[in-house]
$ cat run21.json   # JSON, C-alpha atoms
[["chain", "number", "residue", "atom", "x", "y", "z"],
["G", 631, "MET", "CA", 94.30, 92.90, 79.58],
["G", 632, "LYS", "CA", 97.85, 94.14, 79.46],
["G", 633, "ILE", "CA", 100.76, 92.15, 78.03],
["G", 634, "SER", "CA", 104.12, 93.31, 79.36],
["G", 635, "LYS", "CA", 106.80, 94.58, 77.00],
["G", 636, "THR", "CA", 109.30, 92.30, 78.72],
["G", 637, "PHE", "CA", 107.17, 89.23, 77.95],
["G", 638, "ARG", "CA", 106.53, 90.45, 74.42],
["G", 639, "SER", "CA", 110.29, 90.81, 73.89],
["G", 640, "ALA", "CA", 110.77, 87.24, 75.09],
["G", 641, "ILE", "CA", 108.14, 86.07, 72.56],
["G", 642, "GLY", "CA", 109.96, 87.98, 69.81],
["G", 643, "TRP", "CA", 113.34, 86.57, 70.88],
["G", 644, "ALA", "CA", 112.01, 83.00, 70.58],
["G", 645, "ALA", "CA", 110.10, 83.72, 67.34],
["G", 646, "GLU", "CA", 113.31, 84.93, 65.69],
["G", 647, "LYS", "CA", 114.75, 81.46, 66.22],
["G", 648, "LEU", "CA", 111.88, 79.69, 64.44],
["G", 649, "SER", "CA", 112.85, 78.02, 61.18],
["G", 650, "GLU", "CA", 112.02, 74.96, 59.10],
["G", 651, "GLU", "CA", 114.46, 73.00, 61.26],
["G", 652, "ASN", "CA", 113.26, 74.51, 64.56],
["G", 653, "ARG", "CA", 109.49, 74.59, 64.29],
["G", 654, "ARG", "CA", 109.00, 74.94, 68.04],
["G", 655, "VAL", "CA", 111.11, 77.11, 70.37],
["G", 656, "ALA", "CA", 110.58, 77.47, 74.11],
["G", 657, "LEU", "CA", 110.79, 80.94, 75.61],
["G", 658, "GLY", "CA", 113.71, 81.76, 77.89],
["G", 659, "SER", "CA", 113.57, 81.88, 81.69],
["G", 660, "PRO", "CA", 111.30, 82.70, 83.48],
["G", 661, "TYR", "CA", 108.83, 82.22, 80.63],
["G", 662, "GLU", "CA", 109.60, 78.56, 79.88],
["G", 663, "SER", "CA", 105.91, 77.58, 80.30],
["G", 664, "PHE", "CA", 105.47, 79.19, 76.87],
["G", 665, "ALA", "CA", 106.70, 78.23, 73.44],
["G", 666, "VAL", "CA", 106.30, 79.58, 69.93],
["G", 667, "CYS", "CA", 105.68, 77.27, 66.98],
["G", 668, "LEU", "CA", 105.12, 77.42, 63.27],
["G", 669, "ASP", "CA", 102.36, 74.82, 63.31],
["G", 670, "LYS", "CA", 99.05, 75.35, 65.04],
["G", 671, "PRO", "CA", 99.06, 72.88, 67.94],
["G", 672, "ALA", "CA", 96.41, 70.18, 67.54],
["G", 673, "ASP", "CA", 95.71, 70.13, 71.27],
["G", 674, "GLY", "CA", 95.66, 72.96, 73.77],
["G", 675, "GLU", "CA", 95.10, 76.65, 73.36],
["G", 676, "SER", "CA", 97.22, 78.92, 71.24],
["G", 677, "THR", "CA", 97.16, 82.42, 69.85],
["G", 678, "ILE", "CA", 98.49, 83.65, 66.55],
["G", 679, "TYR", "CA", 101.07, 86.41, 65.94],
["G", 680, "SER", "CA", 102.49, 87.65, 62.69],
["G", 681, "PHE", "CA", 106.28, 87.94, 62.47],
["G", 682, "ARG", "CA", 105.86, 91.51, 61.22],
["G", 683, "GLU", "CA", 103.94, 92.66, 64.30],
["G", 684, "MET", "CA", 106.86, 91.43, 66.38],
["G", 685, "LEU", "CA", 109.14, 93.54, 64.14],
["G", 686, "ILE", "CA", 110.73, 90.44, 62.60],
["G", 687, "GLU", "CA", 111.51, 90.78, 58.88],
["G", 688, "LYS", "CA", 109.69, 87.64, 57.83],
["G", 689, "ASP", "CA", 106.31, 86.93, 56.24],
["G", 690, "GLY", "CA", 103.79, 84.64, 57.84],
["G", 691, "ASP", "CA", 102.53, 83.80, 61.29],
["G", 692, "PHE", "CA", 103.52, 81.80, 64.32],
["G", 693, "TYR", "CA", 101.63, 80.50, 67.35],
["G", 694, "LEU", "CA", 102.19, 81.17, 71.03],
["G", 695, "VAL", "CA", 101.29, 78.29, 73.33],
["G", 696, "GLY", "CA", 101.31, 78.19, 77.11],
["G", 697, "LYS", "CA", 100.14, 75.80, 79.77],
["G", 698, "ASN", "CA", 100.33, 75.21, 83.51],
["G", 699, "LEU", "CA", 101.83, 78.61, 84.21],
["G", 700, "LEU", "CA", 101.97, 78.11, 87.95],
["G", 701, "GLY", "CA", 103.85, 74.82, 87.79],
["C", 1136, "MET", "CA", 92.04, 93.84, 57.06],
["C", 1137, "ARG", "CA", 90.66, 95.77, 60.07],
["C", 1138, "ALA", "CA", 88.20, 92.96, 60.77],
["C", 1139, "ARG", "CA", 91.08, 90.43, 60.67],
["C", 1140, "ILE", "CA", 93.11, 92.46, 63.19],
["C", 1141, "GLU", "CA", 90.11, 92.83, 65.52],
["C", 1142, "LYS", "CA", 89.40, 89.10, 65.27],
["C", 1143, "GLY", "CA", 93.08, 88.42, 66.04],
["C", 1144, "GLN", "CA", 92.95, 90.66, 69.12],
["C", 1145, "GLU", "CA", 89.78, 88.98, 70.35],
["C", 1146, "GLU", "CA", 91.41, 85.58, 69.94],
["C", 1147, "ARG", "CA", 94.50, 86.77, 71.79],
["C", 1148, "ILE", "CA", 92.45, 88.12, 74.70],
["C", 1149, "ALA", "CA", 90.54, 84.81, 74.78],
["C", 1150, "PHE", "CA", 93.87, 82.93, 74.91],
["C", 1151, "PHE", "CA", 95.17, 84.93, 77.87],
["C", 1152, "ASN", "CA", 91.77, 84.79, 79.61],
["C", 1153, "GLY", "CA", 91.93, 81.01, 79.18],
["C", 1154, "LEU", "CA", 95.33, 80.94, 80.89],
["C", 1155, "ILE", "CA", 93.95, 82.97, 83.81],
["C", 1156, "GLU", "CA", 90.93, 80.66, 84.13],
["C", 1157, "GLU", "CA", 93.17, 77.59, 84.02],
["C", 1158, "ALA", "CA", 95.48, 79.03, 86.69],
["C", 1159, "VAL", "CA", 92.61, 80.03, 88.99],
["C", 1160, "ALA", "CA", 90.99, 76.58, 88.63],
["C", 1161, "ARG", "CA", 94.27, 74.83, 89.44],
["C", 1162, "LEU", "CA", 94.85, 77.08, 92.45],
["C", 1163, "GLU", "CA", 91.44, 76.06, 93.80],
["C", 1164, "ARG", "CA", 92.67, 72.45, 93.86],
["C", 1165, "CYS", "CA", 96.22, 73.04, 95.06],
["C", 1166, "LYS", "CA", 97.51, 76.36, 96.29],
["C", 1167, "ILE", "CA", 100.88, 77.27, 97.74],
["C", 1168, "MET", "CA", 100.71, 80.71, 99.28],
["C", 1169, "LEU", "CA", 103.97, 82.60, 98.74],
["C", 1170, "GLY", "CA", 102.74, 85.85, 100.20],
["C", 1171, "GLU", "CA", 99.58, 87.13, 101.81],
["C", 1172, "GLY", "CA", 99.04, 90.86, 102.04],
["C", 1173, "LYS", "CA", 96.26, 93.17, 103.13],
["C", 1174, "THR", "CA", 94.95, 93.44, 99.58],
["C", 1175, "ALA", "CA", 96.51, 90.60, 97.59],
["C", 1176, "ASP", "CA", 97.75, 87.02, 97.65],
["C", 1177, "VAL", "CA", 100.68, 85.64, 95.69],
["C", 1178, "CYS", "CA", 100.39, 81.94, 94.87],
["C", 1179, "VAL", "CA", 101.76, 79.05, 92.82],
["C", 1180, "VAL", "CA", 100.65, 75.46, 92.30],
["C", 1181, "ASP", "CA", 104.20, 74.13, 92.45],
["C", 1182, "GLN", "CA", 106.84, 75.89, 94.53],
["C", 1183, "GLU", "CA", 109.41, 75.34, 91.77],
["C", 1184, "SER", "CA", 107.26, 77.15, 89.21],
["C", 1185, "SER", "CA", 109.05, 80.02, 87.51],
["C", 1186, "ILE", "CA", 105.82, 82.04, 87.38],
["C", 1187, "CYS", "CA", 103.47, 83.09, 90.17],
["C", 1188, "LEU", "CA", 100.10, 84.83, 90.26],
["C", 1189, "LYS", "CA", 99.33, 87.90, 92.31],
["C", 1190, "THR", "CA", 95.60, 88.27, 92.87],
["C", 1191, "VAL", "CA", 94.38, 91.60, 94.19],
["C", 1192, "ILE", "CA", 91.06, 91.11, 95.96],
["C", 1193, "LYS", "CA", 89.24, 94.40, 95.55],
["C", 1194, "SER", "CA", 86.82, 93.81, 98.46],
["C", 1195, "ARG", "CA", 89.83, 93.71, 100.80],
["C", 1196, "ILE", "CA", 90.87, 97.19, 99.64],
["C", 1197, "LYS", "CA", 87.47, 98.50, 100.77],
["C", 1198, "GLU", "CA", 87.35, 96.43, 103.97],
["C", 1199, "ASN", "CA", 90.79, 97.56, 105.08],
["C", 1200, "ARG", "CA", 90.18, 101.13, 103.90],
["C", 1201, "ILE", "CA", 93.39, 101.06, 101.98],
["C", 1202, "SER", "CA", 94.21, 103.68, 99.43],
["C", 1203, "LEU", "CA", 95.97, 101.74, 96.70],
["C", 1204, "ARG", "CA", 97.26, 103.94, 93.94],
["C", 1205, "ASN", "CA", 97.87, 101.42, 91.18],
["C", 1206, "GLY", "CA", 95.80, 98.66, 89.67],
["C", 1207, "VAL", "CA", 97.65, 95.61, 88.34],
["C", 1208, "ASN", "CA", 97.72, 97.16, 84.87],
["C", 1209, "ASP", "CA", 99.66, 100.12, 86.29],
["C", 1210, "GLU", "CA", 101.85, 97.87, 88.39],
["C", 1211, "ILE", "CA", 102.90, 95.87, 85.34],
["C", 1212, "GLU", "CA", 104.14, 99.12, 83.77],
["C", 1213, "PHE", "CA", 106.46, 99.72, 86.72],
["C", 1214, "LEU", "CA", 107.73, 96.13, 86.50],
["C", 1215, "ASP", "CA", 108.24, 96.56, 82.76],
["C", 1216, "LYS", "CA", 110.20, 99.76, 83.17],
["C", 1217, "LEU", "CA", 112.33, 98.33, 85.97],
["C", 1218, "SER", "CA", 113.00, 95.14, 83.96],
["C", 1219, "ASP", "CA", 114.31, 97.16, 81.02],
["C", 1220, "ARG", "CA", 118.08, 96.70, 81.01],
["C", 1221, "GLU", "CA", 118.64, 99.88, 79.02],
["C", 1222, "PHE", "CA", 116.65, 101.94, 81.52],
["C", 1223, "LEU", "CA", 118.41, 100.29, 84.46],
["C", 1224, "LYS", "CA", 121.78, 100.97, 82.83],
["C", 1225, "SER", "CA", 120.82, 104.62, 82.31],
["C", 1226, "ILE", "CA", 120.27, 105.05, 86.05],
["C", 1227, "GLY", "CA", 123.40, 103.11, 87.04],
["C", 1228, "ILE", "CA", 121.92, 99.70, 87.91],
["C", 1229, "ASP", "CA", 123.45, 96.67, 86.24],
["C", 1230, "ARG", "CA", 121.30, 93.79, 87.42],
["C", 1231, "LYS", "CA", 117.77, 92.54, 87.93],
["C", 1232, "ILE", "CA", 115.91, 94.37, 90.72],
["C", 1233, "VAL", "CA", 112.25, 93.32, 90.16],
["C", 1234, "PRO", "CA", 110.45, 90.15, 88.99],
["C", 1235, "SER", "CA", 109.89, 89.91, 85.25],
["C", 1236, "PRO", "CA", 106.25, 90.59, 84.38],
["C", 1237, "LEU", "CA", 104.01, 88.62, 81.97],
["C", 1238, "PHE", "CA", 100.48, 89.94, 81.74],
["C", 1239, "SER", "CA", 97.71, 91.41, 83.88],
["C", 1240, "LYS", "CA", 93.96, 91.77, 83.90],
["C", 1241, "GLN", "CA", 91.54, 93.73, 86.04],
["C", 1242, "ASP", "CA", 87.86, 93.03, 86.47],
["C", 1243, "ALA", "CA", 85.26, 94.31, 88.92],
["C", 1244, "LYS", "CA", 86.30, 91.94, 91.71],
["C", 1245, "TYR", "CA", 89.93, 91.02, 91.09],
["C", 1246, "GLY", "CA", 93.21, 92.12, 89.61],
["C", 1247, "PHE", "CA", 95.43, 89.35, 88.22],
["C", 1248, "LEU", "CA", 99.14, 89.81, 87.64],
["C", 1249, "PHE", "CA", 101.37, 86.99, 86.40],
["C", 1250, "MET", "CA", 105.05, 87.54, 87.08],
["C", 1251, "GLU", "CA", 108.30, 85.75, 87.77],
["C", 1252, "ASN", "CA", 108.38, 83.72, 90.95],
["C", 1253, "ILE", "CA", 111.40, 84.94, 92.90],
["C", 1254, "LYS", "CA", 112.83, 81.83, 94.51],
["C", 1255, "GLY", "CA", 114.00, 83.10, 97.82],
["C", 1256, "PRO", "CA", 112.71, 84.34, 101.16],
["C", 1257, "SER", "CA", 111.51, 87.84, 101.92],
["C", 1258, "LEU", "CA", 113.12, 89.84, 104.72],
["C", 1259, "LYS", "CA", 109.88, 89.20, 106.64],
["C", 1260, "ASP", "CA", 110.45, 85.45, 106.29],
["C", 1261, "VAL", "CA", 113.94, 85.98, 107.71],
["C", 1262, "ILE", "CA", 112.62, 88.04, 110.66],
["C", 1263, "ASP", "CA", 109.82, 85.52, 111.34],
["C", 1264, "ARG", "CA", 112.31, 82.60, 110.91],
["C", 1265, "LYS", "CA", 109.83, 81.15, 108.39],
["C", 1266, "ASP", "CA", 111.83, 78.51, 106.55],
["C", 1267, "ASP", "CA", 109.10, 76.18, 105.27],
["C", 1268, "LEU", "CA", 109.48, 77.32, 101.64],
["C", 1269, "TYR", "CA", 113.05, 78.60, 101.37],
["C", 1270, "LYS", "CA", 116.35, 78.11, 103.11],
["C", 1271, "LEU", "CA", 117.10, 81.22, 105.12],
["C", 1272, "PRO", "CA", 120.48, 82.95, 104.88],
["C", 1273, "GLY", "CA", 123.12, 81.44, 107.15],
["C", 1274, "SER", "CA", 125.10, 83.21, 109.86],
["C", 1275, "ASP", "CA", 127.81, 84.04, 107.32],
["C", 1276, "PHE", "CA", 125.42, 86.05, 105.11],
["C", 1277, "ASP", "CA", 126.81, 89.51, 104.36],
["C", 1278, "TRP", "CA", 123.93, 91.71, 105.51],
["C", 1279, "ASP", "CA", 126.02, 94.88, 105.27],
["C", 1280, "ALA", "CA", 126.55, 94.27, 101.55],
["C", 1281, "PHE", "CA", 122.91, 93.30, 101.08],
["C", 1282, "PHE", "CA", 121.50, 96.45, 102.72],
["C", 1283, "SER", "CA", 124.11, 98.65, 101.12],
["C", 1284, "GLY", "CA", 123.01, 97.22, 97.73],
["C", 1285, "LEU", "CA", 119.36, 97.84, 98.61],
["C", 1286, "ASP", "CA", 120.05, 101.44, 99.72],
["C", 1287, "ASP", "CA", 121.91, 102.03, 96.47],
["C", 1288, "ILE", "CA", 118.97, 100.74, 94.38],
["C", 1289, "VAL", "CA", 116.41, 102.82, 96.30],
["C", 1290, "ALA", "CA", 118.57, 105.96, 96.02],
["C", 1291, "LYS", "CA", 118.99, 105.47, 92.27],
["C", 1292, "LEU", "CA", 115.25, 104.89, 91.79],
["C", 1293, "HIS", "CA", 114.47, 108.06, 93.76],
["C", 1294, "LYS", "CA", 116.95, 110.00, 91.65],
["C", 1295, "ALA", "CA", 115.09, 108.71, 88.58],
["C", 1296, "GLY", "CA", 111.79, 109.90, 90.13],
["C", 1297, "ILE", "CA", 110.49, 106.41, 91.03],
["C", 1298, "TYR", "CA", 109.17, 105.97, 94.57],
["C", 1299, "HIS", "CA", 108.01, 102.56, 95.82],
["C", 1300, "ARG", "CA", 106.17, 104.06, 98.83],
["C", 1301, "ASP", "CA", 105.48, 100.71, 100.51],
["C", 1302, "LEU", "CA", 108.94, 99.39, 101.14],
["C", 1303, "HIS", "CA", 108.84, 97.01, 104.08],
["C", 1304, "ALA", "CA", 110.27, 93.63, 105.03],
["C", 1305, "GLY", "CA", 107.58, 91.71, 103.14],
["C", 1306, "ASN", "CA", 108.37, 93.49, 99.88],
["C", 1307, "ILE", "CA", 112.10, 92.79, 99.76],
["C", 1308, "MET", "CA", 113.10, 89.34, 98.53],
["C", 1309, "ILE", "CA", 116.53, 87.74, 98.64],
["C", 1310, "GLU", "CA", 117.52, 86.02, 95.41],
["C", 1311, "ASN", "CA", 121.03, 84.63, 95.12],
["C", 1312, "GLY", "CA", 122.07, 86.87, 97.98],
["C", 1313, "LEU", "CA", 120.80, 90.05, 96.30],
["C", 1314, "PRO", "CA", 117.73, 92.21, 96.92],
["C", 1315, "VAL", "CA", 114.72, 92.05, 94.60],
["C", 1316, "ILE", "CA", 111.88, 94.51, 95.20],
["C", 1317, "ILE", "CA", 108.25, 93.43, 94.77],
["C", 1318, "ASP", "CA", 104.77, 94.98, 94.98],
["C", 1319, "PHE", "CA", 104.55, 98.26, 93.11],
["C", 1320, "GLY", "CA", 100.86, 98.66, 94.00],
["C", 1321, "ASN", "CA", 101.50, 102.03, 95.60],
["C", 1322, "ALA", "CA", 104.51, 103.14, 93.54],
["C", 1323, "TYR", "CA", 104.64, 106.59, 92.04],
["C", 1324, "GLU", "CA", 106.68, 108.16, 89.29],
["C", 1325, "SER", "CA", 107.35, 111.84, 89.80],
["C", 1326, "TYR", "CA", 108.13, 114.13, 86.91],
["C", 1327, "LEU", "CA", 108.49, 117.30, 88.99],
["C", 1328, "SER", "CA", 111.58, 117.85, 91.09],
["C", 1329, "ASP", "CA", 109.83, 119.99, 93.70],
["C", 1330, "GLU", "CA", 106.85, 117.77, 94.50],
["C", 1331, "ASN", "CA", 106.54, 115.61, 97.59],
["C", 1332, "PRO", "CA", 106.10, 112.05, 96.26],
["C", 1333, "TYR", "CA", 104.59, 110.92, 99.56],
["C", 1334, "GLU", "CA", 101.64, 113.29, 99.38],
["C", 1335, "GLU", "CA", 98.92, 113.17, 96.76],
["C", 1336, "GLU", "CA", 95.51, 114.63, 96.27],
["C", 1337, "GLY", "CA", 92.87, 111.92, 96.55],
["C", 1338, "PRO", "CA", 89.67, 111.63, 94.46],
["C", 1339, "THR", "CA", 87.63, 113.60, 97.02],
["C", 1340, "GLY", "CA", 90.17, 116.39, 97.26],
["C", 1341, "THR", "CA", 91.69, 115.17, 100.52],
["C", 1342, "THR", "CA", 95.44, 114.67, 100.83],
["C", 1343, "ILE", "CA", 96.60, 111.06, 100.87],
["C", 1344, "TYR", "CA", 99.87, 110.43, 102.66],
["C", 1345, "SER", "CA", 101.95, 107.41, 101.65],
["C", 1346, "SER", "CA", 104.56, 105.56, 103.57],
["C", 1347, "ASP", "CA", 108.08, 106.75, 102.81],
["C", 1348, "GLU", "CA", 110.86, 104.19, 102.40],
["C", 1349, "LYS", "CA", 112.01, 104.43, 106.02],
["C", 1350, "ASN", "CA", 110.01, 101.35, 107.14],
["C", 1351, "ILE", "CA", 112.84, 99.28, 105.79],
["C", 1352, "GLU", "CA", 115.11, 100.71, 108.51],
["C", 1353, "ASP", "CA", 113.10, 98.77, 111.11],
["C", 1354, "ALA", "CA", 113.64, 95.54, 109.17],
["C", 1355, "LYS", "CA", 117.37, 96.26, 108.97],
["C", 1356, "LYS", "CA", 117.62, 96.76, 112.73],
["C", 1357, "GLN", "CA", 115.64, 93.58, 113.47],
["C", 1358, "ILE", "CA", 117.71, 91.45, 111.12],
["C", 1359, "ILE", "CA", 121.05, 92.78, 112.31],
["C", 1360, "GLU", "CA", 119.97, 92.19, 115.92],
["C", 1361, "LEU", "CA", 118.70, 88.69, 115.04],
["C", 1362, "TYR", "CA", 121.94, 87.65, 113.37],
["C", 1363, "LYS", "CA", 124.07, 89.24, 116.07],
["C", 1364, "THR", "CA", 122.23, 87.06, 118.60],
["C", 1365, "GLN", "CA", 122.67, 83.98, 116.39],
["C", 1366, "THR", "CA", 126.43, 84.39, 116.08],
["C", 1367, "GLN", "CA", 126.99, 85.09, 119.79]]

$ encode --input "run21.json" --output "structure tokens"
Amino acid sequence: MKISKTFRSAIGWAAEKLSEENRRVALGSPYESFAVCLDKPADGESTIYSFREMLIEKDGDFYLVGKNLLG
Amino acid sequence: MRARIEKGQEERIAFFNGLIEEAVARLERCKIMLGEGKTADVCVVDQESSICLKTVIKSRIKENRISLRNGVNDEIEFLDKLSDREFLKSIGIDRKIVPSPLFSKQDAKYGFLFMENIKGPSLKDVIDRKDDLYKLPGSDFDWDAFFSGLDDIVAKLHKAGIYHRDLHAGNIMIENGLPVIIDFGNAYESYLSDENPYEEEGPTGTTIYSSDEKNIEDAKKQIIELYKTQTQ
């Protein structure tokens, strides 16, 4: 499995925008089938990232969710 | 700590595997074929989807006796490099030239590569007048500018040591009037100025010859002729 750097950057870009007010942020085009969120989604699959591993100066984790990638 | 990281990686792989399984299952029910090659298919469920899936069918590589240099995990590296704005800027290109990649996976039978769905026809679609998925360029389309832009991209990539080596009408898309290059399954990055990028030593010691980029000249001639006829 290989995750592209371009996609990883898009995850980081969206994760930087997460805050108490914005607890879910959709990724930019063409990755809009994905979103990052502070709360583990109750339904559907997700995977956890730490802010630090995405080189964001913030403690804690966020979740990446994605569904219906092909439309 | 190490155990936590390993568990996290396992969970992440399971997440992306789940997305692949979901996509494959949905394609079995409803598949729109965007491109069909000798070794791979490119499909979506909904034509408007911003992401498509390229599936390399490894049995076809054997059946067609094709020597494919890169697996999808190598191909995604080319797409990554050519999506990097800083790299593109460093070689004098100021716009998108390839689809944005997401992730890839190879197993014994298949290679899966998720990438941006370029919403436009290929030059092959234009030549074949295949307009069931996309509107084809009109008679006022500036083909001189299009091909001049394509030549410029290819020349700059060659100067940077990157050779596509399978550039034909099916691998050039038109997006917003501009060329986007797809399928880096046979691409090669050369680090030596004096080597021939179209010749490589194969696993059994034999020399493998790759297509140079001149195939695109045939497509140019066909399209220019086609549009000349249309406007007469």

$ interface_residues --input "run21.json" --of "chain C" --to "chain G" --cutoff "10 Å" --atoms "all atoms listed in the file" --output "ChimeraX atom specification"
/C:1143-1155,1157-1159,1161-1162,1166-1167,1178-1188,1207-1209,1211-1212,1214-1219,1234-1242,1247-1253

$ write_last_selection --input "run21.json" --atoms "C-alpha atoms" --output "mmCIF file, in the frame of the given file"
data_model
loop_
_atom_site.group_PDB
_atom_site.id
_atom_site.type_symbol
_atom_site.label_atom_id
_atom_site.label_comp_id
_atom_site.auth_asym_id
_atom_site.auth_seq_id
_atom_site.Cartn_x
_atom_site.Cartn_y
_atom_site.Cartn_z
ATOM 1 C CA GLY C 1143 93.080 88.420 66.040
ATOM 2 C CA GLN C 1144 92.950 90.660 69.120
ATOM 3 C CA GLU C 1145 89.780 88.980 70.350
ATOM 4 C CA GLU C 1146 91.410 85.580 69.940
ATOM 5 C CA ARG C 1147 94.500 86.770 71.790
ATOM 6 C CA ILE C 1148 92.450 88.120 74.700
ATOM 7 C CA ALA C 1149 90.540 84.810 74.780
ATOM 8 C CA PHE C 1150 93.870 82.930 74.910
ATOM 9 C CA PHE C 1151 95.170 84.930 77.870
ATOM 10 C CA ASN C 1152 91.770 84.790 79.610
ATOM 11 C CA GLY C 1153 91.930 81.010 79.180
ATOM 12 C CA LEU C 1154 95.330 80.940 80.890
ATOM 13 C CA ILE C 1155 93.950 82.970 83.810
ATOM 14 C CA GLU C 1157 93.170 77.590 84.020
ATOM 15 C CA ALA C 1158 95.480 79.030 86.690
ATOM 16 C CA VAL C 1159 92.610 80.030 88.990
ATOM 17 C CA ARG C 1161 94.270 74.830 89.440
ATOM 18 C CA LEU C 1162 94.850 77.080 92.450
ATOM 19 C CA LYS C 1166 97.510 76.360 96.290
ATOM 20 C CA ILE C 1167 100.880 77.270 97.740
ATOM 21 C CA CYS C 1178 100.390 81.940 94.870
ATOM 22 C CA VAL C 1179 101.760 79.050 92.820
ATOM 23 C CA VAL C 1180 100.650 75.460 92.300
ATOM 24 C CA ASP C 1181 104.200 74.130 92.450
ATOM 25 C CA GLN C 1182 106.840 75.890 94.530
ATOM 26 C CA GLU C 1183 109.410 75.340 91.770
ATOM 27 C CA SER C 1184 107.260 77.150 89.210
ATOM 28 C CA SER C 1185 109.050 80.020 87.510
ATOM 29 C CA ILE C 1186 105.820 82.040 87.380
ATOM 30 C CA CYS C 1187 103.470 83.090 90.170
ATOM 31 C CA LEU C 1188 100.100 84.830 90.260
ATOM 32 C CA VAL C 1207 97.650 95.610 88.340
ATOM 33 C CA ASN C 1208 97.720 97.160 84.870
ATOM 34 C CA ASP C 1209 99.660 100.120 86.290
ATOM 35 C CA ILE C 1211 102.900 95.870 85.340
ATOM 36 C CA GLU C 1212 104.140 99.120 83.770
ATOM 37 C CA LEU C 1214 107.730 96.130 86.500
ATOM 38 C CA ASP C 1215 108.240 96.560 82.760
ATOM 39 C CA LYS C 1216 110.200 99.760 83.170
ATOM 40 C CA LEU C 1217 112.330 98.330 85.970
ATOM 41 C CA SER C 1218 113.000 95.140 83.960
ATOM 42 C CA ASP C 1219 114.310 97.160 81.020
ATOM 43 C CA PRO C 1234 110.450 90.150 88.990
ATOM 44 C CA SER C 1235 109.890 89.910 85.250
ATOM 45 C CA PRO C 1236 106.250 90.590 84.380
ATOM 46 C CA LEU C 1237 104.010 88.620 81.970
ATOM 47 C CA PHE C 1238 100.480 89.940 81.740
ATOM 48 C CA SER C 1239 97.710 91.410 83.880
ATOM 49 C CA LYS C 1240 93.960 91.770 83.900
ATOM 50 C CA GLN C 1241 91.540 93.730 86.040
ATOM 51 C CA ASP C 1242 87.860 93.030 86.470
ATOM 52 C CA PHE C 1247 95.430 89.350 88.220
ATOM 53 C CA LEU C 1248 99.140 89.810 87.640
ATOM 54 C CA PHE C 1249 101.370 86.990 86.400
ATOM 55 C CA MET C 1250 105.050 87.540 87.080
ATOM 56 C CA GLU C 1251 108.300 85.750 87.770
ATOM 57 C CA ASN C 1252 108.380 83.720 90.950
ATOM 58 C CA ILE C 1253 111.400 84.940 92.900
#

$ residues_near_point --input "run21.json" --point "(92.6, 94.1, 100.4)" --cutoff "12 Å" --atoms "all atoms listed in the file" --output "number ranges by chain"
C: 1171-1176, 1190-1203, 1244-1246, 1320

$ atom_distance --input "run21.json" --atom1 "CA of Asp1287 (chain C)" --atom2 "CA of Arg1204 (chain C)"
24.9 Å

$ atom_distance --input "run21.json" --atom1 "CA of Tyr1323 (chain C)" --atom2 "CA of Gln1357 (chain C)"
27.4 Å

$ residues_around --input "run21.json" --residues "region 1306-1309 of chain C" --least-positions-apart "3" --cutoff "12 Å" --atoms "all atoms listed in the file" --output "PyMOL selection string"
chain C and resi 1169-1172+1177+1231-1234+1252-1262+1269-1272+1276-1278+1281-1282+1284-1286+1288-1289+1299-1303+1312-1321+1348+1350-1351+1354-1355

$ residues_around --input "run21.json" --residues "region 655-658 of chain G" --least-positions-apart "2" --cutoff "9 Å" --atoms "only C-alpha atoms" --output "PyMOL selection string"
chain G and resi 640-641+643-645+647-648+652-653+660-667

$ atom_distance --input "run21.json" --atom1 "CA of Tyr1362 (chain C)" --atom2 "CA of Ser1274 (chain C)"
6.5 Å

$ closest_residue --input "run21.json" --among "C:Leu1268, C:Leu1327, C:Ile1226, C:Ile1359" --to "Lys1294 (chain C)" --atoms "only C-alpha atoms"
C:Ile1226

$ axis_aligned_box --input "run21.json" --around "region 679-685 of chain G" --padding-each-side "8 Å" --output "lines of an AutoDock Vina configuration file"
center_x = 105.1
center_y = 90.0
center_z = 63.8
size_x = 24.1
size_y = 23.1
size_z = 21.2

$ decode --input "run21.json" --residues "region 653-672 of chain G" --atoms "C-alpha atoms" --output "short mmCIF file (atom, residue, chain, number, x, y, z; two decimals), in the first residue's frame"
data_model
loop_
_atom_site.label_atom_id
_atom_site.label_comp_id
_atom_site.auth_asym_id
_atom_site.auth_seq_id
_atom_site.Cartn_x
_atom_site.Cartn_y
_atom_site.Cartn_z
CA ARG G 653 -14.87 19.61 13.92
CA ARG G 654 -15.21 18.23 10.40
CA VAL G 655 -13.44 19.57 7.30
CA ALA G 656 -13.76 18.15 3.79
CA LEU G 657 -10.61 17.75 1.73
CA GLY G 658 -10.13 19.99 -1.30
CA SER G 659 -10.69 18.94 -4.91
CA PRO G 660 -10.27 16.26 -6.20
CA TYR G 661 -10.30 14.58 -2.79
CA GLU G 662 -13.75 15.75 -1.66
CA SER G 663 -14.88 12.15 -0.99
CA PHE G 664 -12.70 12.42 2.13
CA ALA G 665 -13.00 14.49 5.27
CA VAL G 666 -11.05 14.84 8.49
CA CYS G 667 -12.82 15.10 11.84
CA LEU G 668 -12.03 15.42 15.50
CA ASP G 669 -14.66 12.92 16.57
CA LYS G 670 -14.54 9.27 15.64
CA PRO G 671 -17.48 8.76 13.28
CA ALA G 672 -20.14 6.48 14.76
#
